[in-house]
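Asker: One structure is given below, represented as structure tokens, and several questions about it will come after.
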Amino acid sequence: MMEDDMETGTLGAYQDKLRTFPNMRTKPYTPLIFRILLGINVRVLFILLLFGLGAIFYVGASTSPIIVFVISVCILSFLVAIYLTKWVLAKDEGPPEMVQISDAIRDGAEGFFRTQYGSISKMAMLLALVILCIYLFRSTNPQQESSGLGRTTSAYITVASFLLGALCSGVAGYVGMWVSVRANVRVSSAARRSAREALQIATRAGGLSAIIVVGMAVIGIAVLYATFYVWLEVDSPGSMKVTDLPLLLVGYGFGASFVALFAQLGGGIYTKAADVGADLVGKVEQGIPEDDPRNPAVIADLVGDNVGDCAARGADLFESIAAEIISAMILGGTMAQRCKIADPSGFILFPLVVHSFDLIVSSAGIFSIRGTRETGVIVPVEDPMTILQKGYSFTIVLAVLAFGLSTRWLLYTEQAPSAWFNFALCGLIGIITAYIFVWIAKYYTDYKHEPVRILALSSSTGHGTNIIAGVSLGLESTALPVLVISVSIISAFWLGHTCGLVDETGNPTGGLFGTAVATMGMLSTAAYILTMDMFGPIADNAGGIVEMSQQPESVREITDVLDAVGNTTKATTKGFAIGSAALASFLLFSAYMDEVSSFAHEPFKQVDIAIPEVFVGGLLGSMLIFVFSAWACSAVGRTAQEVVNEVRRQFIERPGIMDYKEKPDYGRCVAIVASASLREMIKPGALAIISPILVGIVFRILGYYTGQPLLGAKVVAALLMFATVTGILMALFLNTAGGAWDNAKKYIETGALGGKGSEAHKAAITGDTVGDPFKDTAGPSIHVLIKMLATITLVMAPVFL
């Protein structure tokens with residue numbers, strides 16, 4: 001099946017310079033929903049669109065003016081994305097040989113995406129059925145009982161939210177992939193003229209994807225919230241209170257987490273298995289360049305950049321934003337209820353407004369990066385990383401102003417007139433934390449700084465010393481981020497705690513919400529951060545197209561610089577994602593404890609790890625991270641072995657490949673990697689979903705027979721705490737070490753320490769190969785895993801009681 005989808009069997013004569021590439025599938029692929037839309041008459045489609053927008057605005061207006069503002073900003077941001085799409089697609093694709101390579105990459109990426117998301121959708125439907133059965137037979141909490149929200153209604157609401165979250169996450173992934181496979185060749189073509197123009201195209205392509213992903217996350221939650229508000233007649237006599245409404249959105253976050261985890265696993269296994277296989281045989285054994293057209297695995301490697309780094313990262317950031325918004329809405333509603341705030345809607349809807357402003361300020365940052373007409377420039381006049389950092393700094397300044405405006409608008413209350421200022425400072429802490437995280441990741445992964453240069457120097461004494469230096473660098477890199485997170489959490493909690501908001505008994509209640517506001521501050525520039533992340537694989541693909549189409553060396557020099565910068569931006573955004581995952585998991589953990597307390601009808605404010613069963617739950621949580629990482633890395637290793645064997649087979653059976661007399665079978669490598677990655681993603685993904693549920697049920701039964709009624713909930717809480725702490729450290733180590741190994745290799749390829757082909761270069765390739773599954777498979781998957789564990793425990797909380 002995979003070969004039918006992604007491989008055709010005809011190969012023509014091999015030319016002196018490779019100019020033709022086979023299609024990876026038999027017919028163009030467009031998702032079903034887009035085929036349906038394209039089949040509708042334009043006028044009818046326009047009328048339906050107007051009707052849909054009218055319905056959305058009507059529901060929003062029936063809920064709150066804040067919702068109308070949020071929806072309006074999201075729609076305007078989509079118009080900006082449409083403009084950027086037209087701008088990028090208007091750029092030329094270059095000569096025919098570039099277009100043919102790009103088409104081969106696009107065909108392979110879309111073919112894999114169809115098969116991968118087909119498998120994910122089937123698993124999502126099965127899990128939705130499981131959730132439905134659990135909710136139909138679970139107990140209800142006092143809030144649901146008082147509002148008349150029965151088990152059946154609650155079950156269908158949760159399942160609908162789950163499926164909508166999964167669908168939106170899948171669309172976010174598709175958008176990321178769709179953009180990247182069309183922008184890569186345009187960046188390649190622009191590099192023939194100007195480094196700055198190539199940088200601008202890559203940035204705007206990443207930007208339009210980022211705007212759509214963030215906009216979809218915000219408008220999805222806003223519309224779902226407004227729909228539930230109107231349908232359930234919230235705040236009317238005998239109905240649900242608005243402060244309890246955010247808990248109905250948890251299923252949306254769970255659906256987004258579910259898809260993001262499998263997208264990250266499958267895409268990560270694909271891209272790194274192809275990369276490792278191509279490097280080990282092509283660069284190490286045959287001594288040919290990284291993206292040489294003679295390498296049978298090179299198309300699979302370039303396809304992997306799109307499905308692993310673009311599609312998966314789009315789903316990942318969508319899930320991060322959704323989880324943070326929902327957890328902050330829950331905590332805002334809880335605090336407003338305890339403080340008896342007359343109009344709690346500002347505290348509940350504040351996260352949506354923050355991300356609406358994120359769309360505005362990030363769009364401004366993206367448009368601040370402009371191209372020039374400096375035709376014939378061989379190297380960039382200005383460091384691309386400096387240009388991107390200037391755009392980021394500009395975005396941060398605007399974000400600080402927007403955040404202050406948002407807090408004064410929505411968080412001002414007569415009960416504590418100065419509370420909004422404390423929360424504004426919490427947001428500032430989050431923004432500063434995000435900036436420091438980006439700087440730390442850049443310091444440890446950019447070859448302009450000492451750590452990577454020391455790692456490159458270690459390559460001159462052999463492969464072993466390179467591995468030792470890379471592991472030690474990764475371990476050391478965990479210290480600064482953890483210290484920053486620790487200071488951020490304590491500072492934000494203290495500012496919230498002293499804001500002046502108190503409950504009926506006079507106890508301060510703003511601490512957790514202060515931490516939530518700091519998390520929102522971290523993610524207040526998420527669209528620009530995702531733009532920098534998407535820039536990386538687009539630049540990488542552009543370099544591959546330039547190499548395979550055998551463009552002049554001056555063009556490759558430009559794409560090499562952009563590729564090295566892309567490695568750094570990917571590493572910085574992963575560090576940013578880990579930091580936000582840590583704070584979001586802390587918030588979701590607090591929401592989980594509140595949910596358990598609500599269902600159990602007794603306080604549940606602390607977890608005592610001195611209880612043996614609870615301590616065992618913590619050990620199981622830490623073990624889960626290590627086993628998950630091991631399975632993810634071994635999946636890459638096994639798949640890479642298949643690629644290595646296939647590439648070696650082709651070089652042996654087709655000796656004319658090296659002399660350009662025979663053409664490699666690219667499609668065969670694509671099919672091998674695609675089928676293997678889909679097979680290998682199941683086991684670690686199932687481990688992540690089943691483990692917390694199984695542990696909770698087993699210890700619930702044990703607690704029943706030993707007279708400990710909350711044992712199941714306590715053990716799961718310990719599992720979640722230990723998994724979060726261990727996962728943060730593990731993800732930091734894996735991402736930083738992998739990024740540093742990659743850029744150490746890039747540094748040597750600039751001519752340092754003997755340059756390409758030297759012994760130091762070979763050792764650096766070994767380090768890069770080891771780091772590939774670290775930074776693009778296990779590391780990114782772990783921070784998705786952390787948030788999914790937090791979400792699934794919140795959804796399944798009643799099962800553990």
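Ordered as shown in the structure tokens, chains take letters A, B, and onward, while each chain numbers its residues from 1 and ligands are numbered from 1 in the order shown.
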So that I can see what lies close to Val99 of chain A, please list as a PyMOL selection string the residues with an atom at most 12 Å from it, counting only C-alpha atoms and leaving out residues fewer than 6 positions away in the same chain.

Answerer: chain A and resi 19-21+23+92-93+105-106+181-189+542+545-546+548-549

Asker: Neighbouring residues of Val647 of chain A were defined as those with any atom within 6 Å, considering only C-alpha atoms; residues of the same chain fewer than 3 positions away were excluded. Please report them as a PyMOL selection string.

Answerer: chain A and resi 296+644+650

Asker: Take the residues from that selection and write them out as a tab-separated table (two decimals), in the first residue's frame, keeping N, CA and C atoms.

Answerer:
chain	number	residue	atom	x	y	z
A	296	PRO	N	20.55	7.51	-2.78
A	296	PRO	CA	19.15	7.07	-2.94
A	296	PRO	C	18.22	7.55	-1.82
A	644	VAL	N	19.84	2.15	5.57
A	644	VAL	CA	21.25	1.89	5.30
A	644	VAL	C	21.41	0.65	4.41
A	650	GLN	N	21.66	-0.60	-3.24
A	650	GLN	CA	21.61	0.11	-4.52
A	650	GLN	C	23.00	0.46	-5.02

Asker: At a cut-off of 12 Å, can you tabulate as JSON lines every residue of segment 452-565 of chain A near segment 317-337 of chain A together with its closest atom pair and the distance in Å to one decimal, using only C-alpha atoms and ordering rows by chain then number?

Answerer:
{"residue": "A:Gly496", "atom": "CA", "partner": "A:Met335", "partner_atom": "CA", "distance": 10.9}
{"residue": "A:His497", "atom": "CA", "partner": "A:Met335", "partner_atom": "CA", "distance": 11.4}
{"residue": "A:Leu501", "atom": "CA", "partner": "A:Met335", "partner_atom": "CA", "distance": 8.7}
{"residue": "A:Val502", "atom": "CA", "partner": "A:Met335", "partner_atom": "CA", "distance": 9.0}
{"residue": "A:Asp503", "atom": "CA", "partner": "A:Met335", "partner_atom": "CA", "distance": 8.3}
{"residue": "A:Glu504", "atom": "CA", "partner": "A:Gln337", "partner_atom": "CA", "distance": 10.2}
{"residue": "A:Asn507", "atom": "CA", "partner": "A:Met335", "partner_atom": "CA", "distance": 11.6}
{"residue": "A:Pro508", "atom": "CA", "partner": "A:Met335", "partner_atom": "CA", "distance": 9.9}
{"residue": "A:Thr509", "atom": "CA", "partner": "A:Met335", "partner_atom": "CA", "distance": 6.4}
{"residue": "A:Gly510", "atom": "CA", "partner": "A:Met335", "partner_atom": "CA", "distance": 6.8}
{"residue": "A:Gly511", "atom": "CA", "partner": "A:Met335", "partner_atom": "CA", "distance": 9.4}
{"residue": "A:Leu512", "atom": "CA", "partner": "A:Leu331", "partner_atom": "CA", "distance": 7.2}
{"residue": "A:Phe513", "atom": "CA", "partner": "A:Leu331", "partner_atom": "CA", "distance": 6.0}
{"residue": "A:Gly514", "atom": "CA", "partner": "A:Gly332", "partner_atom": "CA", "distance": 9.5}
{"residue": "A:Thr515", "atom": "CA", "partner": "A:Ala328", "partner_atom": "CA", "distance": 9.0}
{"residue": "A:Ala516", "atom": "CA", "partner": "A:Ala328", "partner_atom": "CA", "distance": 5.4}
{"residue": "A:Val517", "atom": "CA", "partner": "A:Ala328", "partner_atom": "CA", "distance": 7.5}
{"residue": "A:Ala518", "atom": "CA", "partner": "A:Ala328", "partner_atom": "CA", "distance": 10.1}
{"residue": "A:Thr519", "atom": "CA", "partner": "A:Glu324", "partner_atom": "CA", "distance": 7.3}
{"residue": "A:Met520", "atom": "CA", "partner": "A:Glu324", "partner_atom": "CA", "distance": 7.2}
{"residue": "A:Gly521", "atom": "CA", "partner": "A:Glu324", "partner_atom": "CA", "distance": 10.8}
{"residue": "A:Met522", "atom": "CA", "partner": "A:Glu324", "partner_atom": "CA", "distance": 10.3}
{"residue": "A:Leu523", "atom": "CA", "partner": "A:Ile321", "partner_atom": "CA", "distance": 7.4}
{"residue": "A:Ser524", "atom": "CA", "partner": "A:Ile321", "partner_atom": "CA", "distance": 9.8}
{"residue": "A:Thr525", "atom": "CA", "partner": "A:Ile321", "partner_atom": "CA", "distance": 11.0}
{"residue": "A:Ala526", "atom": "CA", "partner": "A:Leu317", "partner_atom": "CA", "distance": 8.0}
{"residue": "A:Ala527", "atom": "CA", "partner": "A:Leu317", "partner_atom": "CA", "distance": 9.0}
{"residue": "A:Tyr528", "atom": "CA", "partner": "A:Leu317", "partner_atom": "CA", "distance": 11.5}
{"residue": "A:Ile529", "atom": "CA", "partner": "A:Leu317", "partner_atom": "CA", "distance": 9.6}
{"residue": "A:Leu530", "atom": "CA", "partner": "A:Leu317", "partner_atom": "CA", "distance": 7.3}
{"residue": "A:Thr531", "atom": "CA", "partner": "A:Leu317", "partner_atom": "CA", "distance": 10.9}
{"residue": "A:Asp533", "atom": "CA", "partner": "A:Leu317", "partner_atom": "CA", "distance": 10.2}
{"residue": "A:Met534", "atom": "CA", "partner": "A:Leu317", "partner_atom": "CA", "distance": 11.1}

Asker: Output N, CA, C and O atoms of each residue in that selection to a file, as a CSV table (one decimal), in the first residue's frame.

Answerer:
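Written output follows (out_38.csv):
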chain,number,residue,atom,x,y,z
A,496,GLY,N,1.3,37.0,42.2
A,496,GLY,CA,-0.1,36.7,42.2
A,496,GLY,C,-0.7,36.6,43.6
A,496,GLY,O,-1.8,37.0,43.9
A,497,HIS,N,0.2,36.0,44.5
A,497,HIS,CA,-0.3,35.8,45.9
A,497,HIS,C,-0.4,37.1,46.6
A,497,HIS,O,-1.3,37.2,47.5
A,501,LEU,N,-6.1,39.9,45.9
A,501,LEU,CA,-7.4,39.1,45.8
A,501,LEU,C,-7.4,38.0,46.9
A,501,LEU,O,-6.4,37.3,47.0
A,502,VAL,N,-8.5,38.0,47.6
A,502,VAL,CA,-8.6,37.0,48.7
A,502,VAL,C,-10.0,36.3,48.6
A,502,VAL,O,-10.9,36.8,48.0
A,503,ASP,N,-10.1,35.1,49.2
A,503,ASP,CA,-11.3,34.4,49.3
A,503,ASP,C,-12.2,34.8,50.4
A,503,ASP,O,-11.9,35.8,51.1
A,504,GLU,N,-13.2,34.1,50.7
A,504,GLU,CA,-14.2,34.5,51.8
A,504,GLU,C,-13.5,34.5,53.2
A,504,GLU,O,-13.9,35.2,54.1
A,507,ASN,N,-8.0,34.5,52.8
A,507,ASN,CA,-6.7,33.9,52.3
A,507,ASN,C,-6.4,34.3,50.9
A,507,ASN,O,-7.3,34.3,50.0
A,508,PRO,N,-5.2,34.7,50.6
A,508,PRO,CA,-4.8,35.1,49.2
A,508,PRO,C,-5.0,33.9,48.2
A,508,PRO,O,-4.7,32.8,48.5
A,509,THR,N,-5.5,34.3,47.0
A,509,THR,CA,-5.9,33.2,46.1
A,509,THR,C,-5.3,33.4,44.7
A,509,THR,O,-5.6,32.6,43.8
A,510,GLY,N,-4.5,34.4,44.5
A,510,GLY,CA,-4.0,34.7,43.1
A,510,GLY,C,-2.7,34.1,42.7
A,510,GLY,O,-2.2,34.3,41.6
A,511,GLY,N,-2.1,33.2,43.6
A,511,GLY,CA,-0.8,32.7,43.3
A,511,GLY,C,-0.8,31.8,42.0
A,511,GLY,O,0.1,32.1,41.1
A,512,LEU,N,-1.6,30.9,41.9
A,512,LEU,CA,-1.6,30.0,40.8
A,512,LEU,C,-2.0,30.7,39.5
A,512,LEU,O,-1.4,30.5,38.4
A,513,PHE,N,-2.9,31.7,39.6
A,513,PHE,CA,-3.3,32.4,38.4
A,513,PHE,C,-2.1,33.3,38.0
A,513,PHE,O,-1.9,33.6,36.8
A,514,GLY,N,-1.3,33.8,38.9
A,514,GLY,CA,-0.1,34.5,38.6
A,514,GLY,C,0.8,33.7,37.8
A,514,GLY,O,1.4,34.2,36.8
A,515,THR,N,1.0,32.4,38.1
A,515,THR,CA,1.8,31.5,37.4
A,515,THR,C,1.2,31.3,36.0
A,515,THR,O,1.9,31.2,35.0
A,516,ALA,N,-0.1,31.2,35.9
A,516,ALA,CA,-0.8,31.0,34.6
A,516,ALA,C,-0.5,32.3,33.7
A,516,ALA,O,-0.3,32.1,32.5
A,517,VAL,N,-0.6,33.5,34.3
A,517,VAL,CA,-0.3,34.7,33.5
A,517,VAL,C,1.1,34.7,33.0
A,517,VAL,O,1.4,35.1,31.9
A,518,ALA,N,2.0,34.2,33.8
A,518,ALA,CA,3.4,34.1,33.4
A,518,ALA,C,3.6,33.2,32.2
A,518,ALA,O,4.3,33.5,31.3
A,519,THR,N,2.8,32.1,32.2
A,519,THR,CA,2.8,31.2,31.1
A,519,THR,C,2.3,31.8,29.9
A,519,THR,O,2.8,31.6,28.8
A,520,MET,N,1.2,32.6,30.0
A,520,MET,CA,0.7,33.4,28.9
A,520,MET,C,1.7,34.4,28.4
A,520,MET,O,1.8,34.6,27.2
A,521,GLY,N,2.5,34.9,29.3
A,521,GLY,CA,3.5,35.9,28.8
A,521,GLY,C,4.6,35.1,28.0
A,521,GLY,O,5.0,35.7,27.0
A,522,MET,N,5.0,33.9,28.4
A,522,MET,CA,5.9,33.1,27.6
A,522,MET,C,5.4,32.9,26.2
A,522,MET,O,6.2,33.0,25.2
A,523,LEU,N,4.1,32.6,26.1
A,523,LEU,CA,3.5,32.3,24.8
A,523,LEU,C,2.9,33.5,24.1
A,523,LEU,O,2.3,33.3,23.1
A,524,SER,N,3.2,34.7,24.6
A,524,SER,CA,2.6,35.9,24.0
A,524,SER,C,3.2,36.2,22.7
A,524,SER,O,2.7,37.1,21.9
A,525,THR,N,4.3,35.6,22.3
A,525,THR,CA,5.0,35.8,21.0
A,525,THR,C,5.1,34.4,20.3
A,525,THR,O,6.0,34.2,19.5
A,526,ALA,N,4.2,33.5,20.6
A,526,ALA,CA,4.3,32.1,20.1
A,526,ALA,C,4.3,32.1,18.6
A,526,ALA,O,5.0,31.3,17.9
A,527,ALA,N,3.5,33.0,17.9
A,527,ALA,CA,3.4,33.0,16.5
A,527,ALA,C,4.8,33.3,15.8
A,527,ALA,O,5.2,32.7,14.8
A,528,TYR,N,5.5,34.3,16.4
A,528,TYR,CA,6.8,34.6,15.9
A,528,TYR,C,7.8,33.5,16.2
A,528,TYR,O,8.7,33.2,15.3
A,529,ILE,N,7.7,32.9,17.4
A,529,ILE,CA,8.6,31.8,17.7
A,529,ILE,C,8.4,30.6,16.7
A,529,ILE,O,9.4,30.0,16.2
A,530,LEU,N,7.1,30.3,16.4
A,530,LEU,CA,6.9,29.2,15.4
A,530,LEU,C,7.4,29.6,14.1
A,530,LEU,O,7.8,28.8,13.3
A,531,THR,N,7.3,30.9,13.7
A,531,THR,CA,7.9,31.4,12.5
A,531,THR,C,9.3,31.0,12.3
A,531,THR,O,9.8,30.5,11.3
A,533,ASP,N,10.9,28.7,13.9
A,533,ASP,CA,11.0,27.3,13.9
A,533,ASP,C,10.8,26.7,12.5
A,533,ASP,O,11.5,25.9,12.0
A,534,MET,N,9.7,27.2,11.8
A,534,MET,CA,9.4,26.8,10.5
A,534,MET,C,10.5,27.2,9.5
A,534,MET,O,10.7,26.6,8.5

Asker: May I have the residues within 12 Å of Arg654 of chain A as an NGL selection string, using only C-alpha atoms and disregarding those fewer than 6 positions away in the same chain?

Answerer: :A and (14 or 294-296 or 646-648 or 660-665)

Asker: What does the file look like for those residues with N, CA and C atoms, as a PDB file, in the first residue's frame?

Answerer:
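Result file again_21.pdb:
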ATOM      1  N   TYR A  14      19.991   8.221 -16.957  1.00  0.00           N
ATOM      2  CA  TYR A  14      20.652   9.122 -16.007  1.00  0.00           C
ATOM      3  C   TYR A  14      21.588  10.045 -16.764  1.00  0.00           C
ATOM      4  N   ARG A 294      23.212  11.507  -6.073  1.00  0.00           N
ATOM      5  CA  ARG A 294      23.522  10.084  -6.215  1.00  0.00           C
ATOM      6  C   ARG A 294      23.079   9.267  -5.004  1.00  0.00           C
ATOM      7  N   ASN A 295      22.730   9.925  -3.919  1.00  0.00           N
ATOM      8  CA  ASN A 295      22.329   9.214  -2.699  1.00  0.00           C
ATOM      9  C   ASN A 295      20.865   8.805  -2.807  1.00  0.00           C
ATOM     10  N   PRO A 296      20.545   7.511  -2.782  1.00  0.00           N
ATOM     11  CA  PRO A 296      19.146   7.071  -2.940  1.00  0.00           C
ATOM     12  C   PRO A 296      18.217   7.550  -1.821  1.00  0.00           C
ATOM     13  N   GLU A 646      19.229  -0.610   2.375  1.00  0.00           N
ATOM     14  CA  GLU A 646      18.703  -0.342   1.036  1.00  0.00           C
ATOM     15  C   GLU A 646      19.673   0.513   0.223  1.00  0.00           C
ATOM     16  N   VAL A 647      20.246   1.538   0.837  1.00  0.00           N
ATOM     17  CA  VAL A 647      21.180   2.405   0.121  1.00  0.00           C
ATOM     18  C   VAL A 647      22.431   1.619  -0.258  1.00  0.00           C
ATOM     19  N   ARG A 648      22.941   0.799   0.651  1.00  0.00           N
ATOM     20  CA  ARG A 648      24.107  -0.034   0.321  1.00  0.00           C
ATOM     21  C   ARG A 648      23.776  -0.986  -0.826  1.00  0.00           C
ATOM     22  N   TYR A 660      27.198   8.609 -12.305  1.00  0.00           N
ATOM     23  CA  TYR A 660      26.064   9.256 -12.979  1.00  0.00           C
ATOM     24  C   TYR A 660      25.601   8.470 -14.209  1.00  0.00           C
ATOM     25  N   LYS A 661      25.824   7.153 -14.233  1.00  0.00           N
ATOM     26  CA  LYS A 661      25.376   6.341 -15.357  1.00  0.00           C
ATOM     27  C   LYS A 661      24.053   5.637 -15.065  1.00  0.00           C
ATOM     28  N   GLU A 662      23.718   5.494 -13.788  1.00  0.00           N
ATOM     29  CA  GLU A 662      22.435   4.908 -13.397  1.00  0.00           C
ATOM     30  C   GLU A 662      21.769   5.821 -12.381  1.00  0.00           C
ATOM     31  N   LYS A 663      20.450   5.759 -12.350  1.00  0.00           N
ATOM     32  CA  LYS A 663      19.685   6.633 -11.464  1.00  0.00           C
ATOM     33  C   LYS A 663      19.277   5.871 -10.206  1.00  0.00           C
ATOM     34  N   PRO A 664      19.450   6.470  -9.018  1.00  0.00           N
ATOM     35  CA  PRO A 664      19.006   5.801  -7.781  1.00  0.00           C
ATOM     36  C   PRO A 664      17.484   5.655  -7.747  1.00  0.00           C
ATOM     37  N   ASP A 665      17.038   4.666  -7.001  1.00  0.00           N
ATOM     38  CA  ASP A 665      15.601   4.455  -6.814  1.00  0.00           C
ATOM     39  C   ASP A 665      15.187   5.206  -5.542  1.00  0.00           C
TER      40      ASP A 665
END

Asker: Find the residues around Leu224 of chain A up to 9 Å (only C-alpha atoms counted), leave out those fewer than 3 positions away in its own chain, and share them as a ChimeraX atom specification.

Answerer: /A:161,219-221,227-229,249,252

Asker: Show which residues sit within 9 Å of Val698 of chain A, as a list in words. Count only C-alpha atoms, and ignore same-chain residues fewer than 5 positions away.

Answerer: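 Answer for this query is Ile693, Gly703, Gly712 and Phe800 of chain A.
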